[in-house]
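**Q** Dropping in my_file_3.csv, with CSV, C-alpha atoms.
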chain,number,residue,atom,x,y,z
X,1,MET,CA,91.4,108.9,131.8
X,2,SER,CA,93.0,107.9,135.0
X,3,ILE,CA,95.6,105.1,135.0
X,4,ASN,CA,93.7,103.8,138.1
X,5,TYR,CA,91.2,102.1,135.8
X,6,ALA,CA,93.9,100.5,133.7
X,7,ILE,CA,95.3,99.0,136.9
X,8,LEU,CA,91.9,97.8,138.0
X,9,GLY,CA,91.5,96.1,134.6
X,10,LEU,CA,94.8,94.4,134.9
X,11,LEU,CA,94.0,93.2,138.4
X,12,SER,CA,90.6,92.0,137.3
X,13,SER,CA,92.2,88.9,135.7
X,14,GLN,CA,94.9,88.1,138.2
X,15,SER,CA,96.9,89.4,141.2
X,16,LEU,CA,100.0,91.3,140.2
X,17,THR,CA,103.0,93.1,141.7
X,18,GLY,CA,103.6,96.8,140.9
X,19,TYR,CA,106.6,95.7,138.7
X,20,ASP,CA,104.3,93.3,136.8
X,21,MET,CA,101.9,96.1,136.1
X,22,LYS,CA,104.7,98.5,135.1
X,23,LYS,CA,106.0,96.0,132.5
X,24,ILE,CA,102.6,95.3,131.0
X,25,ILE,CA,101.8,99.0,130.6
X,26,GLN,CA,105.2,99.9,129.2
X,27,ASP,CA,104.9,97.0,126.7
X,28,SER,CA,101.4,97.9,125.7
X,29,SER,CA,100.6,99.7,122.4
X,30,PHE,CA,97.4,101.3,123.6
X,31,MET,CA,98.0,101.9,127.3
X,32,TYR,CA,99.6,105.3,126.7
X,33,TRP,CA,101.0,106.0,130.2
X,34,SER,CA,104.8,105.9,130.7
X,35,GLY,CA,104.3,103.3,133.4
X,36,ASN,CA,107.0,104.7,135.6
X,37,ASN,CA,107.2,103.8,139.3
X,38,ASN,CA,105.7,107.1,140.5
X,39,GLN,CA,102.6,106.7,138.3
X,40,ILE,CA,102.0,103.1,139.3
X,41,TYR,CA,102.5,103.4,143.0
X,42,LYS,CA,100.7,106.7,143.4
X,43,ALA,CA,97.7,105.0,141.7
X,44,LEU,CA,98.0,102.0,144.0
X,45,VAL,CA,98.0,104.1,147.1
X,46,GLU,CA,94.7,105.8,145.9
X,47,LEU,CA,93.2,102.4,145.1
X,48,LEU,CA,94.1,101.0,148.4
X,49,LYS,CA,92.7,104.0,150.2
X,50,ASP,CA,89.4,103.7,148.3
X,51,GLY,CA,89.2,100.0,149.1
X,52,TYR,CA,89.4,98.9,145.4
X,53,VAL,CA,92.5,96.8,145.9
X,54,THR,CA,94.2,95.0,148.7
X,55,SER,CA,97.9,94.1,149.1
X,56,GLU,CA,99.8,91.2,150.6
X,57,VAL,CA,103.5,90.7,151.1
X,58,GLN,CA,104.6,87.2,149.9
X,59,HIS,CA,107.8,85.9,151.3
X,60,GLN,CA,110.0,83.7,149.1
X,61,GLU,CA,112.9,81.5,150.3
X,62,SER,CA,115.3,82.1,147.4
X,63,SER,CA,114.0,85.5,146.2
X,64,PRO,CA,113.2,88.9,147.7
X,65,SER,CA,109.7,89.3,149.2
X,66,LYS,CA,107.1,90.8,146.8
X,67,LYS,CA,103.9,92.7,147.4
X,68,MET,CA,100.9,91.3,145.5
X,69,TYR,CA,97.9,93.5,144.7
X,70,THR,CA,94.4,92.0,144.3
X,71,ILE,CA,91.2,93.7,143.2
X,72,THR,CA,88.3,93.7,145.7
X,73,PRO,CA,84.5,93.3,144.8
X,74,GLU,CA,84.2,97.1,145.2
X,75,GLY,CA,87.1,97.5,142.7
X,76,ARG,CA,85.3,95.2,140.2
X,77,ALA,CA,82.1,97.2,140.6
X,78,GLU,CA,84.0,100.5,140.0
X,79,LEU,CA,85.7,99.1,136.9
X,80,LYS,CA,82.4,97.9,135.5
X,81,TYR,CA,80.8,101.3,136.2
X,82,TRP,CA,83.7,103.0,134.4
X,83,VAL,CA,83.6,100.7,131.4
X,84,GLN,CA,79.9,101.5,130.9
X,85,SER,CA,80.4,105.3,131.2
X,86,ALA,CA,80.4,107.6,128.1
X,87,PRO,CA,83.7,107.3,126.2
X,88,GLU,CA,86.0,110.3,126.3
X,89,GLN,CA,86.7,112.3,123.1
X,90,PRO,CA,89.7,110.7,121.2
X,91,GLU,CA,92.9,112.6,121.6
X,92,SER,CA,95.1,113.4,118.7
X,93,ARG,CA,98.4,115.0,119.5
X,94,LYS,CA,100.6,115.0,116.5
X,95,THR,CA,103.5,117.4,116.8
X,96,PHE,CA,104.4,116.8,113.1
X,97,LEU,CA,101.1,118.5,112.0
X,98,ILE,CA,102.2,121.7,113.8
X,99,GLN,CA,105.6,121.5,112.2
X,100,LEU,CA,104.0,120.9,108.8
X,101,ALA,CA,101.7,123.8,109.3
X,102,TRP,CA,104.6,126.3,109.2
X,103,SER,CA,106.7,124.5,106.6
X,104,ASP,CA,105.9,126.8,103.7
X,105,GLN,CA,109.1,128.7,104.6
X,106,LEU,CA,111.2,125.7,103.7
X,107,GLU,CA,112.4,124.6,100.3
X,108,THR,CA,110.4,121.8,98.6
X,109,ALA,CA,113.3,119.3,99.1
X,110,GLU,CA,113.4,120.2,102.8
X,111,ILE,CA,109.6,119.6,103.2
X,112,LEU,CA,109.9,116.3,101.5
X,113,ALA,CA,112.8,115.4,103.8
X,114,MET,CA,110.5,116.1,106.7
X,115,LEU,CA,108.0,113.8,105.3
X,116,ASP,CA,110.6,111.1,104.8
X,117,ALA,CA,111.7,111.3,108.4
X,118,TYR,CA,108.2,111.2,109.7
X,119,GLU,CA,107.4,108.2,107.4
X,120,GLN,CA,110.4,106.4,108.9
X,121,GLU,CA,109.1,107.0,112.4
X,122,ILE,CA,105.7,105.6,111.5
X,123,MET,CA,107.2,102.6,109.8
X,124,SER,CA,109.3,102.0,112.9
X,125,LEU,CA,106.0,102.0,115.0
X,126,ILE,CA,104.5,99.5,112.6
X,127,HIS,CA,107.4,97.2,112.9
X,128,LEU,CA,107.2,97.5,116.7
X,129,GLU,CA,103.5,96.8,116.7
X,130,GLN,CA,104.0,93.8,114.4
X,131,GLY,CA,106.8,92.5,116.7
X,132,ARG,CA,104.5,92.8,119.7
X,133,ALA,CA,101.8,90.8,117.8
X,134,ASP,CA,104.3,88.1,116.8
X,135,LYS,CA,105.7,87.9,120.3
X,136,GLY,CA,102.3,87.9,121.9
X,137,GLN,CA,101.8,90.9,124.2
X,138,TYR,CA,99.9,90.6,127.4
X,139,ALA,CA,96.2,89.7,127.1
X,140,PRO,CA,93.8,88.3,129.8
X,141,ASP,CA,92.4,85.7,127.4
X,142,ARG,CA,89.7,84.7,129.8
X,143,SER,CA,87.2,83.9,127.0
X,144,PRO,CA,87.2,83.7,123.2
X,145,ARG,CA,85.4,87.0,123.0
X,146,GLU,CA,87.9,88.8,125.2
X,147,ALA,CA,90.8,87.3,123.1
X,148,MET,CA,89.1,88.6,120.0
X,149,ILE,CA,88.6,92.1,121.4
X,150,TRP,CA,92.3,92.3,122.3
X,151,ARG,CA,93.3,91.2,118.8
X,152,LEU,CA,91.0,93.9,117.4
X,153,ILE,CA,92.6,96.5,119.6
X,154,GLU,CA,96.0,95.5,118.1
X,155,ALA,CA,94.5,95.8,114.6
X,156,ASN,CA,93.2,99.3,115.5
X,157,GLN,CA,96.7,100.4,116.2
X,158,LEU,CA,98.1,99.0,113.0
X,159,SER,CA,95.3,100.5,111.0
X,160,ALA,CA,96.0,104.0,112.4
X,161,TYR,CA,99.7,103.8,111.5
X,162,THR,CA,98.8,102.4,108.0
X,163,SER,CA,96.4,105.3,107.4
X,164,GLU,CA,99.1,107.7,108.5
X,165,LEU,CA,101.5,106.2,105.9
X,166,LYS,CA,98.9,106.6,103.2
X,167,TRP,CA,98.3,110.3,104.2
X,168,ILE,CA,102.1,111.0,104.1
X,169,GLY,CA,102.1,109.6,100.5
X,170,GLU,CA,99.3,111.9,99.6
X,171,VAL,CA,101.0,115.0,101.1
X,172,ARG,CA,104.2,114.1,99.3
X,173,GLN,CA,102.4,113.7,95.9
X,174,ALA,CA,100.6,117.0,96.4
X,175,ILE,CA,103.7,118.9,97.3
X,176,THR,CA,105.5,117.4,94.3
X,177,ARG,CA,102.7,118.2,91.8
X,178,GLU,CA,102.5,121.8,93.1
X,179,THR,CA,106.3,122.2,92.6
X,180,GLU,CA,106.3,120.7,89.1
X,181,VAL,CA,103.4,122.9,88.0
X,182,LYS,CA,105.0,126.0,89.4
X,183,SER,CA,108.5,125.6,88.2
X,184,MET,CA,109.2,122.7,85.9
X,185,ASN,CA,108.1,120.5,83.0
X,186,ILE,CA,109.3,117.1,84.2
X,187,GLU,CA,108.3,113.7,82.8
X,188,VAL,CA,108.7,110.3,84.6
X,189,ILE,CA,109.9,107.7,82.1
X,190,THR,CA,109.7,104.0,82.7
X,191,ARG,CA,112.0,101.8,80.7
X,192,GLU,CA,113.2,98.2,81.3
X,193,GLY,CA,111.3,98.1,84.6
X,194,GLN,CA,113.2,101.2,85.9
X,195,ARG,CA,112.2,104.8,86.1
X,196,TYR,CA,114.0,108.1,85.7
X,197,LEU,CA,113.0,111.8,85.5
X,198,GLU,CA,113.6,113.6,82.3
X,199,LEU,CA,114.0,117.4,82.0
X,200,ARG,CA,114.0,118.4,78.4
X,201,SER,CA,112.3,121.8,78.1
X,202,ALA,CA,114.2,125.0,77.6
X,203,ASP,CA,111.4,126.7,79.6
X,204,SER,CA,112.6,124.8,82.7
X,205,ARG,CA,116.3,125.6,82.9
X,206,LEU,CA,118.3,124.9,86.0
X,207,GLY,CA,119.3,128.5,86.3
X,208,THR,CA,119.3,128.9,90.1
X,209,GLU,CA,119.9,126.9,93.3
X,210,GLN,CA,116.1,126.9,93.8
X,211,ASP,CA,115.6,125.2,90.4
X,212,ILE,CA,118.0,122.5,91.5
X,213,LEU,CA,116.2,122.0,94.8
X,214,ASP,CA,112.9,121.8,93.0
X,215,LEU,CA,114.2,119.1,90.8
X,216,ILE,CA,115.5,117.2,93.8
X,217,GLY,CA,112.1,117.7,95.4
X,218,ALA,CA,110.5,116.1,92.3
X,219,CYS,CA,112.8,113.2,92.7
X,220,MET,CA,111.9,112.7,96.3
X,221,GLY,CA,108.2,113.1,95.5
X,222,HIS,CA,108.2,110.4,92.8
X,223,ASP,CA,110.7,108.3,94.7
X,224,VAL,CA,112.9,108.3,91.6
X,225,TYR,CA,116.6,109.2,91.9
X,226,ASN,CA,117.8,109.0,88.3
X,227,VAL,CA,117.6,112.2,86.2
X,228,LEU,CA,118.2,112.7,82.5
X,229,LEU,CA,119.1,116.4,81.7
X,230,HIS,CA,119.0,117.6,78.1
X,231,GLU,CA,121.2,120.4,76.9
X,232,ALA,CA,118.2,122.8,76.5
X,233,ALA,CA,117.6,122.6,80.3
X,234,LEU,CA,121.1,123.8,81.1
X,235,PRO,CA,121.7,127.5,81.0
X,236,GLU,CA,124.9,129.2,79.9
X,237,GLU,CA,125.8,129.9,83.5
X,238,PHE,CA,126.0,126.1,84.1
X,239,TYR,CA,129.1,125.8,81.9
X,240,ASN,CA,130.8,128.8,83.5
X,241,LEU,CA,132.4,127.4,86.7
X,242,ARG,CA,132.8,130.9,88.1
X,243,THR,CA,129.1,131.2,88.6
X,244,GLY,CA,129.2,128.2,91.0
X,245,LEU,CA,126.0,126.8,89.5
X,246,ALA,CA,127.5,123.5,88.3
X,247,GLY,CA,129.2,123.0,91.6
X,248,THR,CA,126.0,123.7,93.5
X,249,ALA,CA,124.1,121.2,91.4
X,250,LEU,CA,126.7,118.5,91.8
X,251,GLN,CA,126.8,119.0,95.5
X,252,LYS,CA,123.1,118.9,95.9
X,253,PHE,CA,122.8,115.8,93.7
X,254,MET,CA,125.4,114.0,95.9
X,255,ASN,CA,123.8,115.1,99.1
X,256,TYR,CA,120.4,113.7,98.1
X,257,HIS,CA,121.9,110.6,96.3
X,258,VAL,CA,120.6,111.6,92.9
X,259,ARG,CA,122.3,110.2,89.8
X,260,CYS,CA,122.3,112.5,86.9
X,261,ALA,CA,123.1,112.0,83.2
X,262,ALA,CA,123.4,115.1,81.0
X,263,VAL,CA,123.1,115.0,77.2
X,264,ILE,CA,125.4,117.7,75.8
X,265,THR,CA,125.7,117.6,72.1
X,266,GLY,CA,127.1,121.1,71.4
X,267,THR,CA,130.5,122.6,72.0
X,268,GLN,CA,129.8,123.6,75.6
X,269,ALA,CA,131.4,120.4,76.9
X,270,ASP,CA,134.7,121.3,75.3
X,271,LYS,CA,135.1,124.5,77.1
X,272,GLY,CA,138.3,124.7,79.2
X,273,ARG,CA,137.7,124.2,82.9
X,274,PHE,CA,134.2,122.7,82.3
X,275,LYS,CA,135.8,120.0,80.1
X,276,GLU,CA,138.3,119.3,82.9
X,277,LEU,CA,135.4,119.0,85.4
X,278,LEU,CA,133.5,116.6,83.1
X,279,THR,CA,136.6,114.4,82.7
X,280,GLU,CA,136.8,113.9,86.5
X,281,LEU,CA,133.0,113.5,86.9
X,282,ASN,CA,132.8,110.9,84.2
X,283,LYS,CA,135.0,108.7,86.4
X,284,GLY,CA,132.4,108.6,89.1
X,285,THR,CA,128.9,107.3,89.6
X,286,ALA,CA,126.9,110.4,90.5
X,287,PHE,CA,127.1,112.6,87.3
X,288,ARG,CA,128.1,112.0,83.8
X,289,ALA,CA,127.9,113.8,80.5
X,290,PHE,CA,127.1,112.0,77.2
X,291,SER,CA,126.9,113.1,73.6
X,292,ASN,CA,123.8,111.1,72.8
X,293,GLU,CA,120.6,110.2,74.7
X,294,GLU,CA,120.9,106.5,74.2
X,295,GLU,CA,124.2,106.2,76.0
X,296,ALA,CA,123.0,108.5,78.8
X,297,VAL,CA,119.8,106.4,79.4
X,298,ALA,CA,121.8,103.1,79.3
X,299,TRP,CA,124.1,104.5,82.1
X,300,LEU,CA,121.2,105.7,84.2
X,301,LEU,CA,119.6,102.3,84.1
X,302,GLN,CA,122.7,100.5,85.3
X,303,THR,CA,122.4,99.2,88.8
X,304,VAL,CA,125.1,100.8,91.0
Once you've parsed the file, please lay out its structure as C-alpha cells.
**A**
Amino acid sequence: MSINYAILGLLSSQSLTGYDMKKIIQDSSFMYWSGNNNQIYKALVELLKDGYVTSEVQHQESSPSKKMYTITPEGRAELKYWVQSAPEQPESRKTFLIQLAWSDQLETAEILAMLDAYEQEIMSLIHLEQGRADKGQYAPDRSPREAMIWRLIEANQLSAYTSELKWIGEVRQAITRETEVKSMNIEVITREGQRYLELRSADSRLGTEQDILDLIGACMGHDVYNVLLHEAALPEEFYNLRTGLAGTALQKFMNYHVRCAAVITGTQADKGRFKELLTELNKGTAFRAFSNEEEAVAWLLQTV
C-alpha cells in the first residue's frame, strides 16, 4: 500500500502541514510507515502532480510561514475508489519466528531466555498502545460511526499483541514439558500460596552442566525460581569440588536468580572442602544446605 492514500485520508478531514502529517503517522499504531520527511514530501509531490491535493503558504506574524495541504475533489474521489478496492493480503513479518526456527541448537534455558526477551518486547508494545489510547491519539471523529471504527482499530492492535503473549506462553510450556519428559522428573509444589520445584528422584541426578541448565529451563518455563533438591538427586561428583560441578551449578543458579535449598542428610556435607563451601553458602540467600526437608522448605518460602 502506498503512503499516498494515508495522506489523502488525513487530508480528507482537515488541511494539514507536512509536519502535522509526519507527527500523526509516527504516533499511529497502525500506519506502519516511518513517517520521515523523505516519505511525506515525496508523496506530497506526487499528489500535487496528480491534482489530488493543493498547497498554500500561510504567513504568520509571530511564527514562520507554513505550507498547508488540502485535498481536492479529485483526491476525495481517488481515496473513495481505493477504500472500495480489494484489500491486500495481510503482512506478517516477525523476525522472532525465524530466530525461533533455528533455536534447537540452543540450550533449553537459552531458548526460554529468548522467549522472555520477546515477551518483554510485546508487553512494551501493549503498554505503548494503552498509553496512546489513554492519551487519545489522532482520530477524525467526524461521526459516531467513524469514532467507533477508530476505537475498533485500536482494539485490533491490542488484540494482536495479547494473542502473541498467549502464544509465547504456549511455546514456553511446550518447551518446558519436552525438557522435563526428556531429562527430569520434576514436581511443582504449592505451599502457603507459594510454589517451588522439587527434584527428588535418583534417576534425575544433576550430573552434568546440561542437567543444571535443564533444571533452570524448567524454572523459567513454570515461572518458579525456588528449587528443593534432595540428596538422591545429587551425584557423587557434586561433592567433589575438583570436578567443578558444584561451582557450575551455583554460578548458573545465581546467573538466573534461582534460589536453591538442598536436603543433605548423610555424611557428604561433612567432607573437607565441601563443608567449607557450605559454611560460606549458608550465609547467603542463593543456596543453602539443610539436614531436613522441613527447614529447607521453610527457608525457600521466605520472602527475600
**Q** Mind giving me the straight-line distance from atom CA of Leu206 of chain X to atom CA of Val188 of chain X in Å, one decimal?
**A** 17.5 Å
**Q** For Gly207 of chain X, which residue among X:Thr243, X:Thr108, X:Gln89, X:Gln26 is the nearest when counting only C-alpha atoms?
**A**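 The answer is X:Thr243, which sits nearest to Gly207 of chain X.
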**Q** In terms of the shortest atom-to-atom distance over only C-alpha atoms, which of X:Ala117, X:Leu281, X:Leu11, X:Leu234 is closest to Gly75 of chain X?
**A**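 Residue with the minimum atom-to-atom distance to Gly75 of chain X: X:Leu11.
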**Q** How far is it from atom CA of Leu300 of chain X to atom CA of Ala261 of chain X, in Å with one decimal?
**A** 6.7 Å
**Q** Closest to Met220 of chain X among X:Val297, X:Glu236, X:Met114, X:Leu158, using all atoms listed in the file?
**A**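 The shortest atom-to-atom distance to Met220 of chain X comes from X:Met114.
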**Q** Against segment 52-57 of chain X, which residues of segment 2-45 of chain X fall within 10 Å? For each one I want the closest pair of atoms and the distance in Å (one decimal), counting only C-alpha atoms, rows by chain and increasing residue number, as CSV.
**A**
residue,atom,partner,partner_atom,distance
X:Asn4,CA,X:Tyr52,CA,9.8
X:Ile7,CA,X:Val53,CA,9.7
X:Leu8,CA,X:Tyr52,CA,7.9
X:Leu11,CA,X:Val53,CA,8.5
X:Ser15,CA,X:Ser55,CA,9.2
X:Leu16,CA,X:Ser55,CA,9.6
X:Thr17,CA,X:Ser55,CA,9.0
X:Leu44,CA,X:Val53,CA,7.8
X:Val45,CA,X:Val53,CA,9.2
**Q** With all atoms listed in the file as the basis for distance, which of X:Asn292, X:Leu197, X:Asp223, X:Ala233 is at the shortest distance from Asp116 of chain X?
**A** X:Asp223
**Q** Using C-alpha atoms, give me segment 191-241 of chain X from the structure I just pasted, as a CSV table (one decimal), in the first residue's frame.
**A**
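Below is the file that was written, result-v6.csv:
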chain,number,residue,atom,x,y,z
X,191,ARG,CA,2.5,-24.5,49.8
X,192,GLU,CA,1.3,-21.4,51.7
X,193,GLY,CA,0.4,-19.7,48.5
X,194,GLN,CA,4.0,-20.1,47.1
X,195,ARG,CA,5.5,-22.5,44.7
X,196,TYR,CA,8.8,-24.3,44.3
X,197,LEU,CA,10.2,-27.1,42.1
X,198,GLU,CA,11.2,-30.3,43.8
X,199,LEU,CA,13.8,-32.7,42.4
X,200,ARG,CA,13.8,-35.9,44.4
X,201,SER,CA,14.5,-38.8,42.1
X,202,ALA,CA,17.8,-40.6,41.8
X,203,ASP,CA,17.0,-41.1,38.1
X,204,SER,CA,17.3,-37.4,37.5
X,205,ARG,CA,20.6,-36.5,39.1
X,206,LEU,CA,22.4,-33.2,38.3
X,207,GLY,CA,25.4,-34.9,36.9
X,208,THR,CA,26.3,-32.5,34.1
X,209,GLU,CA,26.1,-28.8,33.2
X,210,GLN,CA,23.3,-29.8,30.8
X,211,ASP,CA,21.3,-31.2,33.6
X,212,ILE,CA,21.7,-28.0,35.5
X,213,LEU,CA,20.6,-25.9,32.5
X,214,ASP,CA,17.6,-28.2,32.0
X,215,LEU,CA,16.6,-27.6,35.6
X,216,ILE,CA,16.9,-23.9,35.2
X,217,GLY,CA,14.9,-24.2,32.0
X,218,ALA,CA,12.1,-25.9,33.9
X,219,CYS,CA,12.2,-23.0,36.4
X,220,MET,CA,11.8,-20.5,33.7
X,221,GLY,CA,9.0,-22.5,32.0
X,222,HIS,CA,7.0,-22.7,35.2
X,223,ASP,CA,8.0,-19.2,36.3
X,224,VAL,CA,9.1,-20.7,39.6
X,225,TYR,CA,12.6,-19.8,40.9
X,226,ASN,CA,12.7,-21.7,44.1
X,227,VAL,CA,14.2,-25.3,44.0
X,228,LEU,CA,14.3,-28.1,46.5
X,229,LEU,CA,17.0,-30.6,45.8
X,230,HIS,CA,17.1,-34.0,47.6
X,231,GLU,CA,20.2,-35.8,48.3
X,232,ALA,CA,19.3,-38.6,45.9
X,233,ALA,CA,19.4,-36.0,43.0
X,234,LEU,CA,23.0,-35.0,43.7
X,235,PRO,CA,25.7,-37.3,42.3
X,236,GLU,CA,29.0,-38.1,44.0
X,237,GLU,CA,30.7,-35.6,41.7
X,238,PHE,CA,28.7,-32.7,43.2
X,239,TYR,CA,30.5,-33.1,46.5
X,240,ASN,CA,34.0,-33.3,44.9
X,241,LEU,CA,34.9,-29.7,44.2
